[in-house]
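Participant: The following file, target29.txt, comprises compact mmCIF, N, CA and C atoms:
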```txt
# COMPACT_ATOMS: atom_id res chain seq x y z
N MET A 24 9.26 0.13 -34.40
CA MET A 24 9.23 -0.30 -33.01
C MET A 24 8.53 -1.65 -32.91
N LYS A 25 9.13 -2.55 -32.15
CA LYS A 25 8.53 -3.86 -31.92
C LYS A 25 7.27 -3.68 -31.08
N THR A 26 6.24 -4.45 -31.40
CA THR A 26 5.03 -4.42 -30.60
C THR A 26 4.95 -5.65 -29.72
N TYR A 27 4.27 -5.50 -28.61
CA TYR A 27 4.10 -6.57 -27.64
C TYR A 27 2.62 -6.79 -27.41
N LYS A 28 2.29 -7.89 -26.77
CA LYS A 28 0.89 -8.20 -26.48
C LYS A 28 0.54 -8.01 -25.02
N PHE A 29 1.52 -7.76 -24.14
CA PHE A 29 1.19 -7.63 -22.73
C PHE A 29 0.58 -6.27 -22.43
N TYR A 30 -0.28 -6.23 -21.42
CA TYR A 30 -1.01 -5.02 -21.05
C TYR A 30 -0.04 -3.90 -20.66
N GLY A 31 -0.26 -2.72 -21.25
CA GLY A 31 0.50 -1.53 -20.91
C GLY A 31 1.88 -1.43 -21.54
N TRP A 32 2.20 -2.29 -22.48
CA TRP A 32 3.54 -2.34 -23.04
C TRP A 32 3.99 -1.01 -23.64
N GLU A 33 3.04 -0.24 -24.19
CA GLU A 33 3.39 1.02 -24.86
C GLU A 33 4.02 2.04 -23.92
N LYS A 34 3.71 1.92 -22.64
CA LYS A 34 4.17 2.92 -21.67
C LYS A 34 5.34 2.44 -20.82
N THR A 35 5.89 1.28 -21.14
CA THR A 35 6.96 0.71 -20.32
C THR A 35 8.34 1.18 -20.79
N THR A 36 8.57 2.47 -20.66
CA THR A 36 9.85 3.05 -21.07
C THR A 36 10.77 3.33 -19.90
N MET A 37 10.30 3.06 -18.67
CA MET A 37 11.13 3.32 -17.49
C MET A 37 12.37 2.43 -17.51
N THR A 38 13.41 2.87 -16.84
CA THR A 38 14.65 2.11 -16.81
C THR A 38 14.88 1.50 -15.43
N SER A 39 15.78 0.57 -15.40
CA SER A 39 16.11 -0.16 -14.19
C SER A 39 16.61 0.75 -13.08
N LYS A 40 16.30 0.38 -11.86
CA LYS A 40 16.77 1.09 -10.67
C LYS A 40 18.02 0.43 -10.08
N VAL A 41 18.44 -0.69 -10.66
CA VAL A 41 19.61 -1.41 -10.17
C VAL A 41 20.69 -1.46 -11.25
N SER A 42 21.92 -1.44 -10.82
CA SER A 42 23.03 -1.41 -11.78
C SER A 42 23.25 -2.75 -12.47
N SER A 43 22.72 -3.83 -11.89
CA SER A 43 22.94 -5.16 -12.46
C SER A 43 22.07 -5.46 -13.68
N TYR A 44 21.11 -4.58 -13.97
CA TYR A 44 20.26 -4.79 -15.15
C TYR A 44 20.07 -3.48 -15.88
N GLU A 45 20.35 -3.49 -17.17
CA GLU A 45 20.11 -2.31 -17.99
C GLU A 45 18.99 -2.65 -18.97
N GLY A 46 18.01 -1.80 -19.05
CA GLY A 46 16.92 -2.04 -19.98
C GLY A 46 15.59 -1.59 -19.42
N THR A 47 14.57 -1.78 -20.22
CA THR A 47 13.20 -1.42 -19.86
C THR A 47 12.41 -2.68 -19.53
N PRO A 48 11.20 -2.54 -19.02
CA PRO A 48 10.37 -3.73 -18.81
C PRO A 48 10.13 -4.52 -20.10
N ARG A 49 10.11 -3.85 -21.25
CA ARG A 49 9.97 -4.57 -22.51
C ARG A 49 11.18 -5.48 -22.75
N ASP A 50 12.36 -4.94 -22.48
CA ASP A 50 13.57 -5.75 -22.61
C ASP A 50 13.53 -6.91 -21.62
N PHE A 51 13.02 -6.64 -20.43
CA PHE A 51 12.93 -7.67 -19.40
C PHE A 51 11.94 -8.76 -19.82
N TYR A 52 10.85 -8.37 -20.45
CA TYR A 52 9.88 -9.34 -20.98
C TYR A 52 10.58 -10.26 -21.99
N ASP A 53 11.37 -9.66 -22.87
CA ASP A 53 12.10 -10.46 -23.86
C ASP A 53 13.01 -11.47 -23.18
N LEU A 54 13.70 -11.05 -22.15
CA LEU A 54 14.58 -11.93 -21.39
C LEU A 54 13.77 -13.04 -20.70
N LEU A 55 12.71 -12.66 -20.01
CA LEU A 55 11.89 -13.64 -19.30
C LEU A 55 11.28 -14.66 -20.25
N SER A 56 10.98 -14.24 -21.46
CA SER A 56 10.40 -15.15 -22.45
C SER A 56 11.32 -16.32 -22.77
N THR A 57 12.60 -16.14 -22.51
CA THR A 57 13.56 -17.24 -22.72
C THR A 57 13.74 -18.09 -21.47
N ILE A 58 13.18 -17.63 -20.34
CA ILE A 58 13.38 -18.31 -19.06
C ILE A 58 12.11 -18.96 -18.52
N TRP A 59 10.94 -18.29 -18.66
CA TRP A 59 9.71 -18.87 -18.14
C TRP A 59 9.58 -20.31 -18.61
N CYS A 60 9.19 -21.18 -17.70
CA CYS A 60 9.08 -22.60 -18.02
C CYS A 60 8.07 -23.26 -17.08
N LYS A 61 7.85 -24.52 -17.28
CA LYS A 61 6.91 -25.25 -16.43
C LYS A 61 7.35 -25.20 -14.96
N LYS A 62 8.67 -25.22 -14.72
CA LYS A 62 9.20 -25.17 -13.36
C LYS A 62 8.87 -23.85 -12.67
N THR A 63 8.76 -22.75 -13.41
CA THR A 63 8.45 -21.46 -12.81
C THR A 63 6.95 -21.19 -12.75
N CYS A 64 6.17 -22.05 -13.37
CA CYS A 64 4.70 -21.92 -13.39
C CYS A 64 4.11 -22.37 -12.04
N ALA A 65 3.04 -21.72 -11.62
CA ALA A 65 2.33 -22.12 -10.40
C ALA A 65 1.93 -23.59 -10.51
N PRO A 66 2.16 -24.37 -9.46
CA PRO A 66 1.88 -25.81 -9.52
C PRO A 66 0.47 -26.16 -9.98
N ARG A 67 -0.52 -25.40 -9.55
CA ARG A 67 -1.91 -25.73 -9.91
C ARG A 67 -2.18 -25.51 -11.40
N MET A 68 -1.25 -24.84 -12.10
CA MET A 68 -1.44 -24.54 -13.52
C MET A 68 -0.44 -25.27 -14.42
N GLN A 69 0.51 -25.98 -13.83
CA GLN A 69 1.58 -26.60 -14.61
C GLN A 69 1.07 -27.55 -15.68
N GLU A 70 -0.03 -28.23 -15.40
CA GLU A 70 -0.59 -29.17 -16.37
C GLU A 70 -0.97 -28.47 -17.68
N ASN A 71 -1.34 -27.19 -17.59
CA ASN A 71 -1.76 -26.43 -18.78
C ASN A 71 -0.68 -25.53 -19.36
N TRP A 72 0.50 -25.50 -18.71
CA TRP A 72 1.58 -24.64 -19.21
C TRP A 72 2.11 -25.20 -20.53
N SER A 73 2.45 -24.29 -21.44
CA SER A 73 3.07 -24.70 -22.70
C SER A 73 3.95 -23.56 -23.21
N SER A 74 4.82 -23.87 -24.13
CA SER A 74 5.69 -22.83 -24.69
C SER A 74 4.88 -21.82 -25.50
N GLU A 75 3.66 -22.17 -25.88
CA GLU A 75 2.77 -21.23 -26.57
C GLU A 75 2.10 -20.28 -25.59
N ASN A 76 2.06 -20.64 -24.31
CA ASN A 76 1.47 -19.80 -23.28
C ASN A 76 2.44 -19.70 -22.11
N LYS A 77 3.60 -19.11 -22.38
CA LYS A 77 4.70 -19.05 -21.41
C LYS A 77 4.36 -18.27 -20.16
N THR A 78 3.45 -17.31 -20.25
CA THR A 78 3.17 -16.45 -19.10
C THR A 78 2.19 -17.08 -18.11
N LEU A 79 1.61 -18.23 -18.47
CA LEU A 79 0.65 -18.90 -17.59
C LEU A 79 1.30 -19.22 -16.25
N GLY A 80 0.66 -18.78 -15.17
CA GLY A 80 1.10 -19.12 -13.82
C GLY A 80 2.40 -18.46 -13.38
N GLN A 81 2.77 -17.36 -14.03
CA GLN A 81 4.04 -16.70 -13.74
C GLN A 81 3.86 -15.34 -13.06
N CYS A 82 2.63 -14.93 -12.77
CA CYS A 82 2.36 -13.53 -12.43
C CYS A 82 3.05 -13.01 -11.18
N SER A 83 2.88 -13.66 -10.05
CA SER A 83 3.40 -13.06 -8.81
C SER A 83 4.92 -13.06 -8.79
N ILE A 84 5.54 -14.17 -9.18
CA ILE A 84 7.01 -14.20 -9.14
C ILE A 84 7.60 -13.20 -10.12
N THR A 85 6.93 -13.00 -11.25
CA THR A 85 7.39 -12.03 -12.24
C THR A 85 7.19 -10.61 -11.73
N ALA A 86 6.02 -10.33 -11.18
CA ALA A 86 5.73 -8.97 -10.71
C ALA A 86 6.67 -8.54 -9.59
N PHE A 87 6.98 -9.45 -8.67
CA PHE A 87 7.90 -9.08 -7.58
C PHE A 87 9.34 -8.95 -8.08
N LEU A 88 9.71 -9.71 -9.07
CA LEU A 88 11.04 -9.56 -9.66
C LEU A 88 11.13 -8.23 -10.43
N VAL A 89 10.07 -7.87 -11.14
CA VAL A 89 10.02 -6.56 -11.80
C VAL A 89 10.16 -5.46 -10.76
N GLN A 90 9.48 -5.59 -9.63
CA GLN A 90 9.58 -4.60 -8.56
C GLN A 90 11.02 -4.49 -8.06
N ASP A 91 11.70 -5.61 -7.92
CA ASP A 91 13.10 -5.58 -7.48
C ASP A 91 13.97 -4.75 -8.42
N ILE A 92 13.69 -4.84 -9.69
CA ILE A 92 14.55 -4.22 -10.70
C ILE A 92 14.12 -2.80 -11.05
N PHE A 93 12.82 -2.57 -11.15
CA PHE A 93 12.32 -1.28 -11.63
C PHE A 93 11.64 -0.44 -10.55
N GLY A 94 11.39 -1.03 -9.37
CA GLY A 94 10.70 -0.29 -8.32
C GLY A 94 9.20 -0.39 -8.46
N GLY A 95 8.50 0.57 -7.89
CA GLY A 95 7.05 0.61 -7.98
C GLY A 95 6.36 -0.32 -7.01
N GLU A 96 5.12 -0.63 -7.32
CA GLU A 96 4.27 -1.45 -6.45
C GLU A 96 3.70 -2.62 -7.23
N VAL A 97 3.30 -3.65 -6.49
CA VAL A 97 2.63 -4.81 -7.07
C VAL A 97 1.19 -4.79 -6.58
N TYR A 98 0.26 -4.89 -7.52
CA TYR A 98 -1.16 -4.94 -7.21
C TYR A 98 -1.73 -6.26 -7.69
N GLY A 99 -2.92 -6.60 -7.19
CA GLY A 99 -3.54 -7.87 -7.57
C GLY A 99 -4.99 -7.72 -7.97
N ILE A 100 -5.35 -8.40 -9.04
CA ILE A 100 -6.74 -8.47 -9.51
C ILE A 100 -7.32 -9.78 -8.97
N ARG A 101 -8.39 -9.66 -8.20
CA ARG A 101 -9.03 -10.87 -7.63
C ARG A 101 -9.62 -11.70 -8.75
N ARG A 102 -9.30 -12.98 -8.72
CA ARG A 102 -9.74 -13.91 -9.75
C ARG A 102 -10.76 -14.89 -9.17
N PRO A 103 -11.54 -15.54 -10.03
CA PRO A 103 -12.45 -16.57 -9.54
C PRO A 103 -11.64 -17.61 -8.75
N GLY A 104 -12.15 -18.02 -7.63
CA GLY A 104 -11.43 -18.97 -6.78
C GLY A 104 -10.66 -18.29 -5.67
N GLY A 105 -10.59 -16.94 -5.70
CA GLY A 105 -9.97 -16.21 -4.61
C GLY A 105 -8.52 -15.84 -4.76
N ASN A 106 -7.85 -16.33 -5.78
CA ASN A 106 -6.45 -15.97 -5.99
C ASN A 106 -6.36 -14.57 -6.59
N TYR A 107 -5.16 -14.01 -6.57
CA TYR A 107 -4.91 -12.70 -7.17
C TYR A 107 -3.96 -12.83 -8.35
N HIS A 108 -4.28 -12.10 -9.41
CA HIS A 108 -3.35 -11.99 -10.54
C HIS A 108 -2.55 -10.71 -10.32
N CYS A 109 -1.23 -10.83 -10.24
CA CYS A 109 -0.36 -9.71 -9.91
C CYS A 109 0.15 -8.98 -11.14
N TYR A 110 0.30 -7.66 -10.98
CA TYR A 110 0.83 -6.81 -12.03
C TYR A 110 1.56 -5.64 -11.37
N ASN A 111 2.24 -4.83 -12.16
CA ASN A 111 3.07 -3.75 -11.64
C ASN A 111 2.50 -2.38 -11.96
N VAL A 112 2.78 -1.43 -11.06
CA VAL A 112 2.50 -0.01 -11.28
C VAL A 112 3.75 0.75 -10.88
N ILE A 113 4.32 1.46 -11.84
CA ILE A 113 5.52 2.26 -11.60
C ILE A 113 5.25 3.68 -12.07
N ASP A 114 5.43 4.64 -11.18
CA ASP A 114 5.19 6.05 -11.50
C ASP A 114 3.83 6.25 -12.17
N GLY A 115 2.81 5.57 -11.64
CA GLY A 115 1.46 5.71 -12.15
C GLY A 115 1.15 4.93 -13.42
N VAL A 116 2.12 4.18 -13.92
CA VAL A 116 1.93 3.39 -15.14
C VAL A 116 1.70 1.93 -14.77
N ALA A 117 0.53 1.41 -15.12
CA ALA A 117 0.22 0.01 -14.87
C ALA A 117 0.61 -0.82 -16.09
N PHE A 118 1.29 -1.93 -15.82
CA PHE A 118 1.59 -2.87 -16.89
C PHE A 118 1.65 -4.28 -16.31
N ASP A 119 1.49 -5.26 -17.18
CA ASP A 119 1.34 -6.64 -16.75
C ASP A 119 2.07 -7.55 -17.72
N LEU A 120 3.30 -7.91 -17.38
CA LEU A 120 4.12 -8.73 -18.28
C LEU A 120 3.52 -10.11 -18.52
N THR A 121 2.59 -10.54 -17.67
CA THR A 121 2.02 -11.89 -17.82
C THR A 121 0.55 -11.90 -18.23
N SER A 122 0.06 -10.79 -18.75
CA SER A 122 -1.37 -10.70 -19.11
C SER A 122 -1.76 -11.57 -20.29
N GLU A 123 -0.81 -11.95 -21.12
CA GLU A 123 -1.13 -12.76 -22.30
C GLU A 123 -1.77 -14.10 -21.94
N GLN A 124 -1.54 -14.58 -20.73
CA GLN A 124 -2.11 -15.87 -20.34
C GLN A 124 -3.63 -15.87 -20.36
N PHE A 125 -4.24 -14.69 -20.36
CA PHE A 125 -5.70 -14.59 -20.33
C PHE A 125 -6.32 -14.45 -21.72
N GLY A 126 -5.51 -14.50 -22.75
CA GLY A 126 -6.03 -14.42 -24.11
C GLY A 126 -6.78 -13.13 -24.34
N ASP A 127 -8.02 -13.23 -24.79
CA ASP A 127 -8.83 -12.05 -25.10
C ASP A 127 -9.58 -11.48 -23.90
N GLU A 128 -9.47 -12.11 -22.74
CA GLU A 128 -10.16 -11.60 -21.55
C GLU A 128 -9.59 -10.23 -21.18
N ILE A 129 -10.47 -9.30 -20.88
CA ILE A 129 -10.05 -7.94 -20.50
C ILE A 129 -10.08 -7.84 -18.97
N LEU A 130 -8.92 -7.56 -18.40
CA LEU A 130 -8.80 -7.43 -16.95
C LEU A 130 -8.95 -5.96 -16.55
N ASP A 131 -9.41 -5.74 -15.33
CA ASP A 131 -9.58 -4.38 -14.82
C ASP A 131 -8.38 -4.03 -13.94
N TYR A 132 -7.57 -3.11 -14.39
CA TYR A 132 -6.34 -2.72 -13.69
C TYR A 132 -6.55 -1.48 -12.81
N THR A 133 -7.76 -1.24 -12.37
CA THR A 133 -8.03 -0.09 -11.52
C THR A 133 -8.54 -0.54 -10.15
N ASN A 134 -8.19 0.23 -9.15
CA ASN A 134 -8.69 0.04 -7.77
C ASN A 134 -8.49 -1.37 -7.22
N ASN A 135 -7.33 -1.92 -7.45
CA ASN A 135 -7.01 -3.25 -6.94
C ASN A 135 -6.12 -3.14 -5.72
N PRO A 136 -6.14 -4.14 -4.84
CA PRO A 136 -5.34 -4.07 -3.62
C PRO A 136 -3.85 -4.28 -3.87
N LEU A 137 -3.08 -3.59 -3.05
CA LEU A 137 -1.63 -3.75 -3.02
C LEU A 137 -1.32 -5.17 -2.57
N GLN A 138 -0.29 -5.77 -3.15
CA GLN A 138 0.10 -7.13 -2.78
C GLN A 138 1.40 -7.11 -2.00
N SER A 139 1.53 -8.01 -1.08
CA SER A 139 2.69 -8.10 -0.20
C SER A 139 3.52 -9.33 -0.55
N ARG A 140 4.81 -9.12 -0.75
CA ARG A 140 5.67 -10.27 -1.03
C ARG A 140 5.74 -11.19 0.18
N GLU A 141 5.61 -10.64 1.39
CA GLU A 141 5.63 -11.49 2.58
C GLU A 141 4.47 -12.47 2.56
N VAL A 142 3.30 -12.01 2.15
CA VAL A 142 2.13 -12.89 2.07
C VAL A 142 2.32 -13.92 0.95
N HIS A 143 2.72 -13.45 -0.22
CA HIS A 143 2.89 -14.36 -1.35
C HIS A 143 4.00 -15.38 -1.09
N PHE A 144 5.11 -14.92 -0.54
CA PHE A 144 6.25 -15.81 -0.35
C PHE A 144 6.18 -16.62 0.94
N ALA A 145 5.08 -16.46 1.69
CA ALA A 145 4.85 -17.35 2.82
C ALA A 145 4.62 -18.77 2.30
N LYS A 146 4.20 -18.88 1.05
CA LYS A 146 4.08 -20.18 0.39
C LYS A 146 5.48 -20.55 -0.12
N GLU A 147 6.07 -21.54 0.48
CA GLU A 147 7.45 -21.89 0.14
C GLU A 147 7.64 -22.19 -1.35
N GLU A 148 6.69 -22.90 -1.96
CA GLU A 148 6.84 -23.23 -3.37
C GLU A 148 6.93 -21.96 -4.22
N LYS A 149 6.19 -20.93 -3.85
CA LYS A 149 6.21 -19.69 -4.62
C LYS A 149 7.53 -18.96 -4.42
N ARG A 150 7.99 -18.93 -3.18
CA ARG A 150 9.29 -18.29 -2.90
C ARG A 150 10.41 -19.00 -3.67
N LEU A 151 10.36 -20.32 -3.71
CA LEU A 151 11.39 -21.08 -4.42
C LEU A 151 11.33 -20.84 -5.93
N ARG A 152 10.13 -20.73 -6.47
CA ARG A 152 10.00 -20.42 -7.90
C ARG A 152 10.55 -19.03 -8.21
N TYR A 153 10.26 -18.07 -7.33
CA TYR A 153 10.78 -16.71 -7.47
C TYR A 153 12.31 -16.72 -7.43
N GLU A 154 12.88 -17.43 -6.47
CA GLU A 154 14.34 -17.49 -6.35
C GLU A 154 14.98 -18.14 -7.58
N TYR A 155 14.33 -19.17 -8.09
CA TYR A 155 14.83 -19.83 -9.30
C TYR A 155 14.80 -18.87 -10.49
N LEU A 156 13.68 -18.18 -10.66
CA LEU A 156 13.56 -17.22 -11.76
C LEU A 156 14.62 -16.13 -11.63
N LYS A 157 14.81 -15.63 -10.43
CA LYS A 157 15.81 -14.59 -10.19
C LYS A 157 17.22 -15.10 -10.53
N GLU A 158 17.53 -16.32 -10.10
CA GLU A 158 18.84 -16.91 -10.42
C GLU A 158 19.05 -17.02 -11.92
N GLU A 159 18.03 -17.46 -12.63
CA GLU A 159 18.14 -17.62 -14.07
C GLU A 159 18.34 -16.27 -14.75
N VAL A 160 17.67 -15.24 -14.27
CA VAL A 160 17.87 -13.88 -14.81
C VAL A 160 19.31 -13.45 -14.56
N CYS A 161 19.80 -13.66 -13.36
CA CYS A 161 21.17 -13.28 -13.01
C CYS A 161 22.20 -13.99 -13.88
N LYS A 162 21.97 -15.26 -14.18
CA LYS A 162 22.89 -16.02 -15.02
C LYS A 162 23.01 -15.40 -16.41
N THR A 163 21.90 -14.92 -16.94
CA THR A 163 21.93 -14.37 -18.30
C THR A 163 22.55 -12.99 -18.35
N GLN A 164 22.67 -12.35 -17.18
CA GLN A 164 23.22 -11.00 -17.12
C GLN A 164 24.73 -10.99 -16.92
N LEU A 165 25.35 -12.14 -16.75
CA LEU A 165 26.80 -12.20 -16.50
C LEU A 165 27.58 -12.09 -17.78
```
Here is the file; what I need is its structure written in the form of structure tokens.
Facilitator:
Amino acid sequence: MKTYKFYGWEKTTMTSKVSSYEGTPRDFYDLLSTIWCKKTCAPRMQENWSSENKTLGQCSITAFLVQDIFGGEVYGIRRPGGNYHCYNVIDGVAFDLTSEQFGDEILDYTNNPLQSREVHFAKEEKRLRYEYLKEEVCKTQL
């Protein structure tokens, strides 16, 4: 079995809730790894984005796209500066496809607030990055 570095990867065996995507979150991570780019990275982090750290600045758009495909909820870990790092919980299983951006830092995935796509996507740049990522995923599925 292939191993991954993202948080909770061992338990990501759930399958898609939509007919347009077949696979698990691990498969989705593999797909996203070919799509994440500086354009999909949060603007405040783009200067530090690199192909060696593809998950940097990708958390909220990735977590909400995972929710679209696999269901569940999106939660956020409060970070220094007041922003939230988003991750997914499906059927009680927490996982974070973008956790690698933190290197060896250990994040606490317990008792975090639910995140709202309406709040996150009120920022037009974030909504546009999400839509771009979604389009790119759809292109690869044709």
Participant: Counting only N, CA and C atoms, what is within 7 Å of Ile84 of chain A, bar same-chain residues fewer than 6 positions away, as a PyMOL selection string?
Facilitator: chain A and resi 149+152-153
Participant: Restricting the calculation to only N, CA and C atoms: of A:Gly31, A:Glu154, A:Ser39, A:Glu123, which residue gets closest to Asp91 of chain A?
Facilitator: A:Ser39
Participant: Near Tyr30 of chain A, within 7 Å and counting only C-alpha atoms, which residues show up once chain neighbours fewer than 5 positions away are dropped, as a PyMOL selection string?
Facilitator: chain A and resi 118-120+122
Participant: Could the residues in this selection be saved with N, CA and C atoms as an mmCIF file, in the frame of the given file?
Facilitator:
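out.cif was written with the following content:
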```cif
data_model
loop_
_atom_site.group_PDB
_atom_site.id
_atom_site.type_symbol
_atom_site.label_atom_id
_atom_site.label_comp_id
_atom_site.auth_asym_id
_atom_site.auth_seq_id
_atom_site.Cartn_x
_atom_site.Cartn_y
_atom_site.Cartn_z
ATOM 1 N N PHE A 118 1.290 -1.930 -15.820
ATOM 2 C CA PHE A 118 1.590 -2.870 -16.890
ATOM 3 C C PHE A 118 1.650 -4.280 -16.310
ATOM 4 N N ASP A 119 1.490 -5.260 -17.180
ATOM 5 C CA ASP A 119 1.340 -6.640 -16.750
ATOM 6 C C ASP A 119 2.070 -7.550 -17.720
ATOM 7 N N LEU A 120 3.300 -7.910 -17.380
ATOM 8 C CA LEU A 120 4.120 -8.730 -18.280
ATOM 9 C C LEU A 120 3.520 -10.110 -18.520
ATOM 10 N N SER A 122 0.060 -10.790 -18.750
ATOM 11 C CA SER A 122 -1.370 -10.700 -19.110
ATOM 12 C C SER A 122 -1.760 -11.570 -20.290
#
```
Participant: Measuring between only N, CA and C atoms, which one of A:Cys60, A:Val160, A:Ala65, A:Ile92 shows the shortest distance to Val41 of chain A?
Facilitator: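 Closest candidate: A:Ile92.
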Participant: Report, in Å with one decimal, the straight-line distance from atom CA of Gln81 of chain A to atom N of Gln69 of chain A.
Facilitator: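 Atom CA of Gln81 of chain A sits 9.9 Å away from atom N of Gln69 of chain A.
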Participant: Let's see if you can do this: from backbone DSSP, list all strand (DSSP E) residues in chain A, as a ChimeraX atom specification.
Facilitator: /A:96-101,107-113,116-118
